[in-house]
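Peer 1: Input protein_0.pdb, format and content: PDB, C-alpha atoms.
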```pdb
ATOM      1  CA  MET A   1      59.418  65.665 101.840
ATOM      2  CA  ALA A   2      61.193  65.840  98.501
ATOM      3  CA  ARG A   3      59.425  64.757  95.345
ATOM      4  CA  ASP A   4      60.441  61.785  93.283
ATOM      5  CA  PRO A   5      63.540  63.084  91.414
ATOM      6  CA  TYR A   6      62.305  61.526  88.163
ATOM      7  CA  LEU A   7      59.113  63.568  88.432
ATOM      8  CA  GLU A   8      61.048  66.671  89.482
ATOM      9  CA  LEU A   9      63.192  66.550  86.349
ATOM     10  CA  GLY A  10      60.354  65.328  84.148
ATOM     11  CA  VAL A  11      62.188  62.226  82.893
ATOM     12  CA  SER A  12      61.245  58.566  82.799
ATOM     13  CA  ARG A  13      62.898  55.929  84.968
ATOM     14  CA  SER A  14      64.576  54.544  81.880
ATOM     15  CA  ALA A  15      66.099  57.901  80.901
ATOM     16  CA  GLY A  16      69.787  57.895  80.030
ATOM     17  CA  ALA A  17      72.446  60.073  81.630
ATOM     18  CA  ASP A  18      72.404  62.536  78.712
ATOM     19  CA  ASP A  19      68.632  62.944  78.927
ATOM     20  CA  ILE A  20      68.904  63.636  82.644
ATOM     21  CA  ARG A  21      71.619  66.232  82.097
ATOM     22  CA  LYS A  22      69.609  67.937  79.351
ATOM     23  CA  ALA A  23      66.509  68.064  81.527
ATOM     24  CA  PHE A  24      68.489  69.520  84.412
ATOM     25  CA  ARG A  25      70.168  72.119  82.189
ATOM     26  CA  LYS A  26      66.802  73.313  80.868
ATOM     27  CA  LEU A  27      65.131  73.566  84.285
ATOM     28  CA  ALA A  28      68.156  75.079  86.014
ATOM     29  CA  LYS A  29      68.308  77.813  83.390
ATOM     30  CA  GLN A  30      64.581  78.469  83.760
ATOM     31  CA  PHE A  31      64.467  78.648  87.575
ATOM     32  CA  HIS A  32      67.936  79.939  88.492
ATOM     33  CA  PRO A  33      67.676  82.765  91.101
ATOM     34  CA  ASP A  34      69.726  85.102  88.915
ATOM     35  CA  ALA A  35      67.064  84.796  86.221
ATOM     36  CA  ASN A  36      64.228  85.238  88.748
ATOM     37  CA  PRO A  37      65.359  87.813  91.336
ATOM     38  CA  GLY A  38      63.067  87.919  94.344
ATOM     39  CA  ASP A  39      60.930  84.982  93.144
ATOM     40  CA  LYS A  40      60.797  82.618  96.118
ATOM     41  CA  ALA A  41      58.826  79.981  94.196
ATOM     42  CA  ALA A  42      61.471  79.840  91.463
ATOM     43  CA  GLU A  43      64.191  79.729  94.093
ATOM     44  CA  GLU A  44      62.528  76.772  95.805
ATOM     45  CA  ARG A  45      62.013  74.966  92.497
ATOM     46  CA  PHE A  46      65.673  75.487  91.613
ATOM     47  CA  LYS A  47      66.687  73.867  94.899
ATOM     48  CA  ARG A  48      64.437  70.866  94.239
ATOM     49  CA  VAL A  49      65.701  70.476  90.683
ATOM     50  CA  SER A  50      69.301  70.608  91.921
ATOM     51  CA  GLY A  51      68.535  68.039  94.615
ATOM     52  CA  ALA A  52      66.910  65.732  92.050
ATOM     53  CA  PHE A  53      69.970  65.942  89.829
ATOM     54  CA  ASP A  54      72.208  65.239  92.823
ATOM     55  CA  ILE A  55      70.469  61.876  93.030
ATOM     56  CA  LEU A  56      69.959  60.980  89.374
ATOM     57  CA  GLY A  57      73.206  62.518  88.135
ATOM     58  CA  ASP A  58      75.199  60.084  90.276
ATOM     59  CA  PRO A  59      74.897  56.494  88.944
ATOM     60  CA  ASP A  60      75.534  55.007  92.381
ATOM     61  CA  LYS A  61      72.942  57.165  94.135
ATOM     62  CA  ARG A  62      70.492  56.569  91.325
ATOM     63  CA  LYS A  63      70.816  52.793  91.741
ATOM     64  CA  LYS A  64      70.366  53.095  95.494
ATOM     65  CA  PHE A  65      67.289  55.234  95.013
ATOM     66  CA  ASP A  66      65.831  52.804  92.482
ATOM     67  CA  ARG A  67      66.392  49.960  94.954
ATOM     68  CA  GLY A  68      64.803  51.969  97.760
ATOM     69  CA  GLU A  69      68.015  52.201  99.777
ATOM     70  CA  ILE A  70      67.942  56.022  99.910
ATOM     71  CA  ASP A  71      65.078  58.459  99.728
ATOM     72  CA  ALA A  72      64.585  61.439  97.437
ATOM     73  CA  GLU A  73      66.775  63.548  99.739
ATOM     74  CA  GLY A  74      69.629  61.049  99.713
ATOM     75  CA  ASN A  75      69.018  59.786 103.239
ATOM     76  CA  GLU A  76      69.485  56.080 103.887
ATOM     77  CA  GLN A  77      66.222  54.242 104.270
ATOM     78  CA  ASN A  78      65.288  52.212 107.312
ATOM     79  CA  PRO A  79      65.287  48.608 105.962
ATOM     80  CA  PHE A  80      62.105  47.989 107.947
ATOM     81  CA  ALA A  81      60.302  51.052 106.531
ATOM     82  CA  GLY A  82      59.635  49.611 103.099
ATOM     83  CA  ARG A  83      61.199  49.917  99.660
ATOM     84  CA  GLY A  84      59.237  52.694  98.061
ATOM     85  CA  GLY A  85      62.015  55.250  97.859
ATOM     86  CA  PHE A  86      60.126  57.837  99.924
ATOM     87  CA  GLY A  87      60.018  56.648 103.532
ATOM     88  CA  GLY A  88      63.123  58.250 105.033
ATOM     89  CA  GLY A  89      63.584  61.183 107.314
ATOM     90  CA  GLY A  90      64.076  64.716 106.103
ATOM     91  CA  GLY A  91      67.509  65.603 107.440
ATOM     92  CA  ALA A  92      70.150  67.624 105.640
ATOM     93  CA  GLY A  93      71.639  64.609 103.912
ATOM     94  CA  ALA A  94      73.585  64.153 100.706
ATOM     95  CA  GLY A  95      70.641  65.043  98.493
ATOM     96  CA  GLY A  96      69.072  68.403  97.817
ATOM     97  CA  TRP A  97      71.232  71.457  97.418
ATOM     98  CA  SER A  98      74.880  70.441  97.681
ATOM     99  CA  PRO A  99      76.971  72.336 100.270
ATOM    100  CA  ARG A 100      80.048  71.501  98.214
ATOM    101  CA  GLY A 101      79.358  74.297  95.780
ATOM    102  CA  GLY A 102      77.721  72.208  93.075
ATOM    103  CA  ASN A 103      80.447  69.572  92.577
ATOM    104  CA  PHE A 104      78.315  66.437  92.654
ATOM    105  CA  GLU A 105      79.303  62.799  92.912
ATOM    106  CA  GLN A 106      80.852  60.684  90.133
ATOM    107  CA  GLY A 107      82.524  63.756  88.636
ATOM    108  CA  VAL A 108      79.296  65.374  87.444
ATOM    109  CA  ASP A 109      80.184  69.016  87.975
ATOM    110  CA  LEU A 110      77.478  71.658  87.995
ATOM    111  CA  ASN A 111      80.055  73.970  86.457
ATOM    112  CA  ASP A 112      80.108  71.754  83.385
ATOM    113  CA  ILE A 113      76.353  71.999  83.018
ATOM    114  CA  LEU A 114      75.643  75.616  83.939
ATOM    115  CA  GLY A 115      78.897  77.375  83.180
ATOM    116  CA  ASP A 116      77.888  78.212  79.610
ATOM    117  CA  VAL A 117      74.295  78.930  80.566
ATOM    118  CA  PHE A 118      74.841  81.628  83.190
ATOM    119  CA  GLY A 119      78.415  82.679  82.472
ATOM    120  CA  GLN A 120      79.284  81.641  86.027
ATOM    121  CA  ARG A 121      81.426  79.081  87.804
ATOM    122  CA  ALA A 122      80.721  77.272  91.020
ATOM    123  CA  SER A 123      82.848  78.240  94.009
ATOM    124  CA  GLY A 124      83.908  76.272  97.042
ATOM    125  CA  GLY A 125      82.601  78.554  99.764
ATOM    126  CA  PRO A 126      78.993  78.792 100.980
ATOM    127  CA  ARG A 127      76.996  81.435  99.143
ATOM    128  CA  GLY A 128      73.292  80.906  99.272
ATOM    129  CA  PHE A 129      71.805  79.278  96.223
ATOM    130  CA  GLY A 130      74.246  76.706  95.019
ATOM    131  CA  ASN A 131      77.336  78.687  95.929
ATOM    132  CA  PHE A 132      77.601  80.211  92.473
ATOM    133  CA  SER A 133      80.147  82.974  92.121
ATOM    134  CA  SER A 134      79.353  85.451  89.398
ATOM    135  CA  LYS A 135      81.654  86.997  86.857
ATOM    136  CA  GLY A 136      83.798  89.947  87.799
ATOM    137  CA  GLN A 137      82.294  93.407  87.878
ATOM    138  CA  ASP A 138      81.821  95.408  84.716
ATOM    139  CA  LEU A 139      84.102  98.414  84.407
ATOM    140  CA  ARG A 140      82.714 101.698  83.120
ATOM    141  CA  ALA A 141      84.667 104.454  81.412
ATOM    142  CA  ARG A 142      84.081 107.452  79.155
ATOM    143  CA  LEU A 143      85.874 107.989  75.876
ATOM    144  CA  ASP A 144      85.837 111.448  74.284
ATOM    145  CA  ILE A 145      85.887 111.350  70.492
ATOM    146  CA  ASP A 146      85.902 113.914  67.712
ATOM    147  CA  LEU A 147      83.012 114.365  65.329
ATOM    148  CA  GLU A 148      85.158 113.088  62.469
ATOM    149  CA  ASP A 149      85.890 109.886  64.431
ATOM    150  CA  ALA A 150      82.160 109.335  64.916
ATOM    151  CA  ILE A 151      81.528 109.716  61.188
ATOM    152  CA  ARG A 152      84.439 107.718  59.800
ATOM    153  CA  GLY A 153      85.107 105.318  62.671
ATOM    154  CA  GLY A 154      88.595 104.410  63.796
ATOM    155  CA  LYS A 155      90.576 103.402  66.879
ATOM    156  CA  LYS A 156      91.172 105.242  70.111
ATOM    157  CA  ARG A 157      93.259 104.218  73.106
ATOM    158  CA  ILE A 158      91.723 104.343  76.563
ATOM    159  CA  ALA A 159      93.441 103.926  79.930
ATOM    160  CA  PHE A 160      91.738 102.157  82.853
ATOM    161  CA  SER A 161      92.225 102.910  86.534
ATOM    162  CA  ASP A 162      94.124  99.644  87.006
ATOM    163  CA  GLY A 163      96.836 100.828  84.619
ATOM    164  CA  ARG A 164      95.732  98.848  81.579
ATOM    165  CA  THR A 165      95.364 100.483  78.181
ATOM    166  CA  LEU A 166      93.099  99.233  75.443
ATOM    167  CA  ASP A 167      92.549 100.145  71.805
ATOM    168  CA  VAL A 168      88.826 100.705  71.262
ATOM    169  CA  SER A 169      87.302 100.396  67.790
ATOM    170  CA  ILE A 170      84.927 103.295  67.133
ATOM    171  CA  PRO A 171      82.163 102.175  64.758
ATOM    172  CA  LYS A 172      81.152 104.311  61.796
ATOM    173  CA  GLY A 173      78.141 106.399  62.735
ATOM    174  CA  ALA A 174      78.910 106.313  66.463
ATOM    175  CA  GLN A 175      76.399 108.340  68.470
ATOM    176  CA  ASP A 176      76.883 110.630  71.433
ATOM    177  CA  GLY A 177      76.210 108.588  74.587
ATOM    178  CA  GLN A 178      76.509 105.239  72.803
ATOM    179  CA  ILE A 179      77.772 102.385  74.991
ATOM    180  CA  LEU A 180      80.347  99.946  73.643
ATOM    181  CA  ARG A 181      80.576  96.615  75.484
ATOM    182  CA  LEU A 182      84.016  95.009  75.421
ATOM    183  CA  LYS A 183      83.662  91.377  76.450
ATOM    184  CA  GLY A 184      86.045  90.073  79.095
ATOM    185  CA  GLN A 185      87.801  93.413  79.680
ATOM    186  CA  GLY A 186      86.287  94.094  83.089
ATOM    187  CA  ALA A 187      87.339  93.178  86.628
ATOM    188  CA  PRO A 188      88.449  89.582  87.282
ATOM    189  CA  GLY A 189      86.154  87.135  89.077
ATOM    190  CA  ARG A 190      85.803  83.433  89.866
ATOM    191  CA  GLY A 191      83.483  83.036  86.894
ATOM    192  CA  GLY A 192      85.793  84.979  84.610
ATOM    193  CA  PRO A 193      86.296  88.688  84.031
ATOM    194  CA  GLY A 194      83.419  91.073  83.580
ATOM    195  CA  ASP A 195      83.009  93.417  80.634
ATOM    196  CA  ALA A 196      84.150  96.960  79.991
ATOM    197  CA  MET A 197      81.339  99.424  79.244
ATOM    198  CA  ILE A 198      82.685 102.378  77.259
ATOM    199  CA  GLU A 199      80.461 105.439  76.872
ATOM    200  CA  LEU A 200      81.275 107.538  73.809
ATOM    201  CA  LYS A 201      81.100 111.298  74.230
ATOM    202  CA  LEU A 202      81.357 113.708  71.298
ATOM    203  CA  ARG A 203      83.632 116.694  71.873
ATOM    204  CA  ARG A 204      82.376 120.175  70.979
ATOM    205  CA  HIS A 205      83.647 120.968  67.499
ATOM    206  CA  PRO A 206      85.333 124.319  66.809
ATOM    207  CA  ILE A 207      83.743 124.645  63.334
ATOM    208  CA  TYR A 208      80.554 122.589  63.094
ATOM    209  CA  HIS A 209      77.354 122.907  65.050
ATOM    210  CA  ARG A 210      75.284 119.746  65.013
ATOM    211  CA  ASP A 211      71.499 119.671  64.660
ATOM    212  CA  GLY A 212      70.574 115.988  64.463
ATOM    213  CA  ASP A 213      72.334 114.624  61.405
ATOM    214  CA  THR A 214      72.705 118.130  59.910
ATOM    215  CA  LEU A 215      75.917 120.071  60.434
ATOM    216  CA  GLU A 216      76.065 123.856  60.248
ATOM    217  CA  MET A 217      79.088 126.122  59.869
ATOM    218  CA  ASP A 218      79.956 129.752  59.106
ATOM    219  CA  VAL A 219      82.021 130.518  56.002
ATOM    220  CA  PRO A 220      83.633 133.984  55.771
ATOM    221  CA  VAL A 221      83.287 135.651  52.349
ATOM    222  CA  SER A 222      85.071 138.802  51.144
ATOM    223  CA  VAL A 223      83.067 141.813  49.963
ATOM    224  CA  PRO A 224      84.197 141.452  46.310
ATOM    225  CA  ASP A 225      83.205 137.744  46.274
ATOM    226  CA  ALA A 226      79.868 138.580  47.861
ATOM    227  CA  VAL A 227      79.177 141.347  45.330
ATOM    228  CA  LEU A 228      80.599 139.791  42.194
ATOM    229  CA  GLY A 229      80.392 136.103  43.053
ATOM    230  CA  GLY A 230      83.421 133.887  43.393
ATOM    231  CA  LYS A 231      84.995 130.726  44.763
ATOM    232  CA  VAL A 232      85.931 130.066  48.399
ATOM    233  CA  GLU A 233      87.516 127.061  50.060
ATOM    234  CA  ALA A 234      85.553 125.576  52.952
ATOM    235  CA  PRO A 235      86.178 122.668  55.344
ATOM    236  CA  THR A 236      84.001 119.543  55.604
ATOM    237  CA  PRO A 237      84.409 116.428  57.784
ATOM    238  CA  ASP A 238      85.687 114.677  54.645
ATOM    239  CA  GLY A 239      88.204 117.343  53.641
ATOM    240  CA  ASN A 240      88.160 120.801  52.081
ATOM    241  CA  VAL A 241      85.873 121.648  49.151
ATOM    242  CA  VAL A 242      85.475 124.711  46.899
ATOM    243  CA  LEU A 243      82.168 126.542  47.228
ATOM    244  CA  THR A 244      80.649 128.741  44.540
ATOM    245  CA  VAL A 245      79.447 132.001  46.069
ATOM    246  CA  PRO A 246      76.514 133.427  44.077
ATOM    247  CA  LYS A 247      76.720 136.997  42.838
ATOM    248  CA  GLY A 248      75.122 139.452  45.248
ATOM    249  CA  SER A 249      75.354 137.157  48.292
ATOM    250  CA  ASN A 250      74.569 138.508  51.748
ATOM    251  CA  SER A 251      75.556 137.411  55.221
ATOM    252  CA  GLY A 252      73.286 134.646  56.443
ATOM    253  CA  GLN A 253      72.718 133.177  52.989
ATOM    254  CA  GLN A 254      73.034 129.382  53.108
ATOM    255  CA  LEU A 255      74.617 126.875  50.783
ATOM    256  CA  ARG A 256      73.723 123.217  51.313
ATOM    257  CA  LEU A 257      76.227 120.439  50.705
ATOM    258  CA  LYS A 258      74.340 117.173  50.304
ATOM    259  CA  GLY A 259      75.641 114.144  52.207
ATOM    260  CA  ARG A 260      78.453 116.005  53.948
ATOM    261  CA  GLY A 261      76.851 116.164  57.386
ATOM    262  CA  PHE A 262      76.689 113.820  60.364
ATOM    263  CA  ILE A 263      75.782 110.163  60.071
ATOM    264  CA  ASP A 264      72.838 108.576  61.862
ATOM    265  CA  ALA A 265      72.715 105.184  63.571
ATOM    266  CA  LYS A 266      71.543 103.572  60.321
ATOM    267  CA  GLY A 267      74.521 104.893  58.366
ATOM    268  CA  LYS A 268      72.713 107.666  56.478
ATOM    269  CA  ARG A 269      74.587 110.961  56.067
ATOM    270  CA  GLY A 270      72.892 114.259  56.619
ATOM    271  CA  ASP A 271      73.767 117.567  54.940
ATOM    272  CA  LEU A 272      76.282 120.276  55.725
ATOM    273  CA  VAL A 273      74.870 123.817  55.708
ATOM    274  CA  ALA A 274      77.377 126.602  55.014
ATOM    275  CA  ARG A 275      76.192 130.015  56.211
ATOM    276  CA  LEU A 276      77.943 132.869  54.377
ATOM    277  CA  ILE A 277      79.346 135.688  56.500
ATOM    278  CA  VAL A 278      80.418 138.737  54.485
ATOM    279  CA  THR A 279      83.608 139.927  56.130
ATOM    280  CA  LEU A 280      85.689 143.082  55.831
ATOM    281  CA  PRO A 281      89.472 142.953  56.038
ATOM    282  CA  ASP A 282      91.061 143.919  59.351
ATOM    283  CA  ILE A 283      92.436 147.072  57.700
ATOM    284  CA  ALA A 284      90.069 148.440  55.067
ATOM    285  CA  GLY A 285      92.536 150.793  53.329
ATOM    286  CA  PRO A 286      91.869 154.193  51.667
ATOM    287  CA  GLU A 287      90.575 152.711  48.390
ATOM    288  CA  LEU A 288      87.766 150.815  50.125
ATOM    289  CA  GLU A 289      86.912 153.816  52.269
ATOM    290  CA  THR A 290      86.694 156.078  49.202
ATOM    291  CA  PHE A 291      84.495 153.538  47.422
ATOM    292  CA  ALA A 292      82.216 153.295  50.441
ATOM    293  CA  GLU A 293      81.899 157.092  50.725
ATOM    294  CA  GLU A 294      80.996 157.489  47.058
ATOM    295  CA  TRP A 295      78.542 154.582  47.200
ATOM    296  CA  ARG A 296      76.820 155.983  50.289
ATOM    297  CA  ALA A 297      76.556 159.416  48.673
ATOM    298  CA  LYS A 298      75.159 158.137  45.377
ATOM    299  CA  ARG A 299      73.125 155.102  46.502
ATOM    300  CA  PRO A 300      72.063 155.440  50.116
ATOM    301  CA  TYR A 301      70.032 152.540  51.476
ATOM    302  CA  THR A 302      68.854 151.134  54.796
ATOM    303  CA  PRO A 303      69.252 147.338  55.278
ATOM    304  CA  LYS A 304      65.973 145.585  55.956
ATOM    305  CA  ARG A 305      65.493 143.965  59.306
ATOM    306  CA  LYS A 306      64.920 140.216  58.904
TER
END
```
The structure given in the file should be rewritten as structure tokens.
Peer 2:
Amino acid sequence: MARDPYLELGVSRSAGADDIRKAFRKLAKQFHPDANPGDKAAEERFKRVSGAFDILGDPDKRKKFDRGEIDAEGNEQNPFAGRGGFGGGGGAGAGGWSPRGGNFEQGVDLNDILGDVFGQRASGGPRGFGNFSSKGQDLRARLDIDLEDAIRGGKKRIAFSDGRTLDVSIPKGAQDGQILRLKGQGAPGRGGPGDAMIELKLRRHPIYHRDGDTLEMDVPVSVPDAVLGGKVEAPTPDGNVVLTVPKGSNSGQQLRLKGRGFIDAKGKRGDLVARLIVTLPDIAGPELETFAEEWRAKRPYTPKRK
């Protein structure tokens, strides 16, 4: 036997239509099966709440219930069974969970009440709990981006399997594996389209090696610049810069460029570490060979193992 719908919704008998709708909205959101998967008690409560609103949300049914002409399930009362509002049989009458997909009497549409709560719309066909049809499925795709795009942000175009293309805004400080949710860009559905879930994937960079928010790179240096010191041009994600090579530099020596590295999720830039690589020309030439022979003869040395 169904409970008194006033008690089920927690409203007084003098409650107005707006109060009844507000009470139903609150309880429906709390006990909806989608919010309580596998919870049979919540499912049963949701059915009772919906049945109570089917009675009290319809002015005509509400008056009949108040006069004792129908019971809490919407069944007509036997005129000889009393006027208490609870004496009728328990058949599958007009009350309870509506088989019409939530479109109740007097134009009170469950869509109007729950559409903005669950992001769903009621459908016309039978589907379990209230015949709700959910939004369309979310679409998932991967978008490969360059390291510079992740640092500076920007736009990239992505193509979906259904033939659509979409310009995706890459946020500054985008992280490898980050998911971007694009509202309403998924598959269509009765309750509206789903979302597109875009996973960002950083491409391997030909120059920089990433270690957290620190970037590392090799910078070739000529023998004269390594011995005497000098200036060399080097790339950074923000454009080329001129590095000062200290006198007597060796391969493996590092120069640190503050704030020129990768950017973390909080927007803080790391450093760029330039590792010097002393490099000979492809063709040394007789002058360099003569210099090397004289140097080896006059100042022999064995490099230390590091």
Peer 1: Expand the PyMOL selection byres ((chain A and resi 31) around 9) into the explicit residue set it covers here, and present it as JSON, numbers by chain.
Peer 2: {"A": [26, 27, 28, 29, 30, 32, 33, 34, 35, 36, 41, 42, 43, 44, 45, 46, 49]}
Peer 1: Would you please work out which residue, of A:Ile158, A:Thr165, A:Leu147, A:Phe291, is nearest to Pro206 in chain A when using only C-alpha atoms?
Peer 2: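 Looking at the shortest contact to Pro206 in chain A, the residue is A:Leu147.
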Peer 1: Any idea what the distance is between CA of Lys155 in chain A and CA of Asp167 in chain A?
Peer 2: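 It comes out at 6.2 Å.
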Peer 1: Provide the CA of Glu199 in chain A to CA of Asp176 in chain A distance in Å, to one decimal place.
Peer 2: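 Going from CA of Glu199 in chain A over to CA of Asp176 in chain A covers 8.3 Å.
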Peer 1: To verify the selection step, state as a PyMOL selection string which residues the PyMOL selection byres ((chain A and resi 212) around 12) yields on this input.
Peer 2: chain A and resi 175-176+209-211+213-216+261-265+268-272
Peer 1: Restricting the calculation to all atoms listed in the file: of A:Lys47, A:Arg204, A:Lys266, A:Arg21, which residue gets closest to Ile145 in chain A?
Peer 2: A:Arg204
Peer 1: For a test of reading the model, state the distance in Å between CA of Pro300 in chain A and CA of Gln254 in chain A, rounded to one decimal.
Peer 2: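 Atom-to-atom, CA of Pro300 in chain A and CA of Gln254 in chain A are spaced 26.2 Å apart.
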Peer 1: Looking at only C-alpha atoms, which of A:Lys64, A:Ala52, A:Thr279, A:Asp4 is the one that sits closest to Ala23 in chain A?
Peer 2: A:Ala52
Peer 1: Restricting the calculation to all atoms listed in the file: of A:Thr236, A:Arg296, A:Gly51, A:Arg142, which residue gets closest to His205 in chain A?
Peer 2: A:Thr236
Peer 1: Can you tell me which residues surround Pro188 in chain A at a distance of at most 10 Å, considering only C-alpha atoms, apart from same-chain residues fewer than 3 positions away, and format the answer as a VMD selection string?
Peer 2: chain A and resid 135 to 138 184 to 185 191 to 195
Peer 1: With all atoms listed in the file as the counted atoms, please give the residues lying no more than 8 Å from Ser169 in chain A, apart from itself and same-chain residues fewer than 3 positions off, as a ChimeraX atom specification.
Peer 2: /A:153-156
Peer 1: For Ser249 in chain A, please output as an MDAnalysis selection string all residues within 12 Å (counting only C-alpha atoms; exclusion window: fewer than 3 positions along the same chain).
Peer 2: chainID A and resid 220:230 244:246 252:255 275:279
Peer 1: Can I get the selected residues back with C-alpha atoms, as a short mmCIF file (atom, residue, chain, number, x, y, z; two decimals), in the coordinates of the input?
Peer 2:
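Result file is again.cif:
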```cif
data_model
loop_
_atom_site.label_atom_id
_atom_site.label_comp_id
_atom_site.auth_asym_id
_atom_site.auth_seq_id
_atom_site.Cartn_x
_atom_site.Cartn_y
_atom_site.Cartn_z
CA PRO A 220 83.63 133.98 55.77
CA VAL A 221 83.29 135.65 52.35
CA SER A 222 85.07 138.80 51.14
CA VAL A 223 83.07 141.81 49.96
CA PRO A 224 84.20 141.45 46.31
CA ASP A 225 83.20 137.74 46.27
CA ALA A 226 79.87 138.58 47.86
CA VAL A 227 79.18 141.35 45.33
CA LEU A 228 80.60 139.79 42.19
CA GLY A 229 80.39 136.10 43.05
CA GLY A 230 83.42 133.89 43.39
CA THR A 244 80.65 128.74 44.54
CA VAL A 245 79.45 132.00 46.07
CA PRO A 246 76.51 133.43 44.08
CA GLY A 252 73.29 134.65 56.44
CA GLN A 253 72.72 133.18 52.99
CA GLN A 254 73.03 129.38 53.11
CA LEU A 255 74.62 126.88 50.78
CA ARG A 275 76.19 130.01 56.21
CA LEU A 276 77.94 132.87 54.38
CA ILE A 277 79.35 135.69 56.50
CA VAL A 278 80.42 138.74 54.48
CA THR A 279 83.61 139.93 56.13
#
```
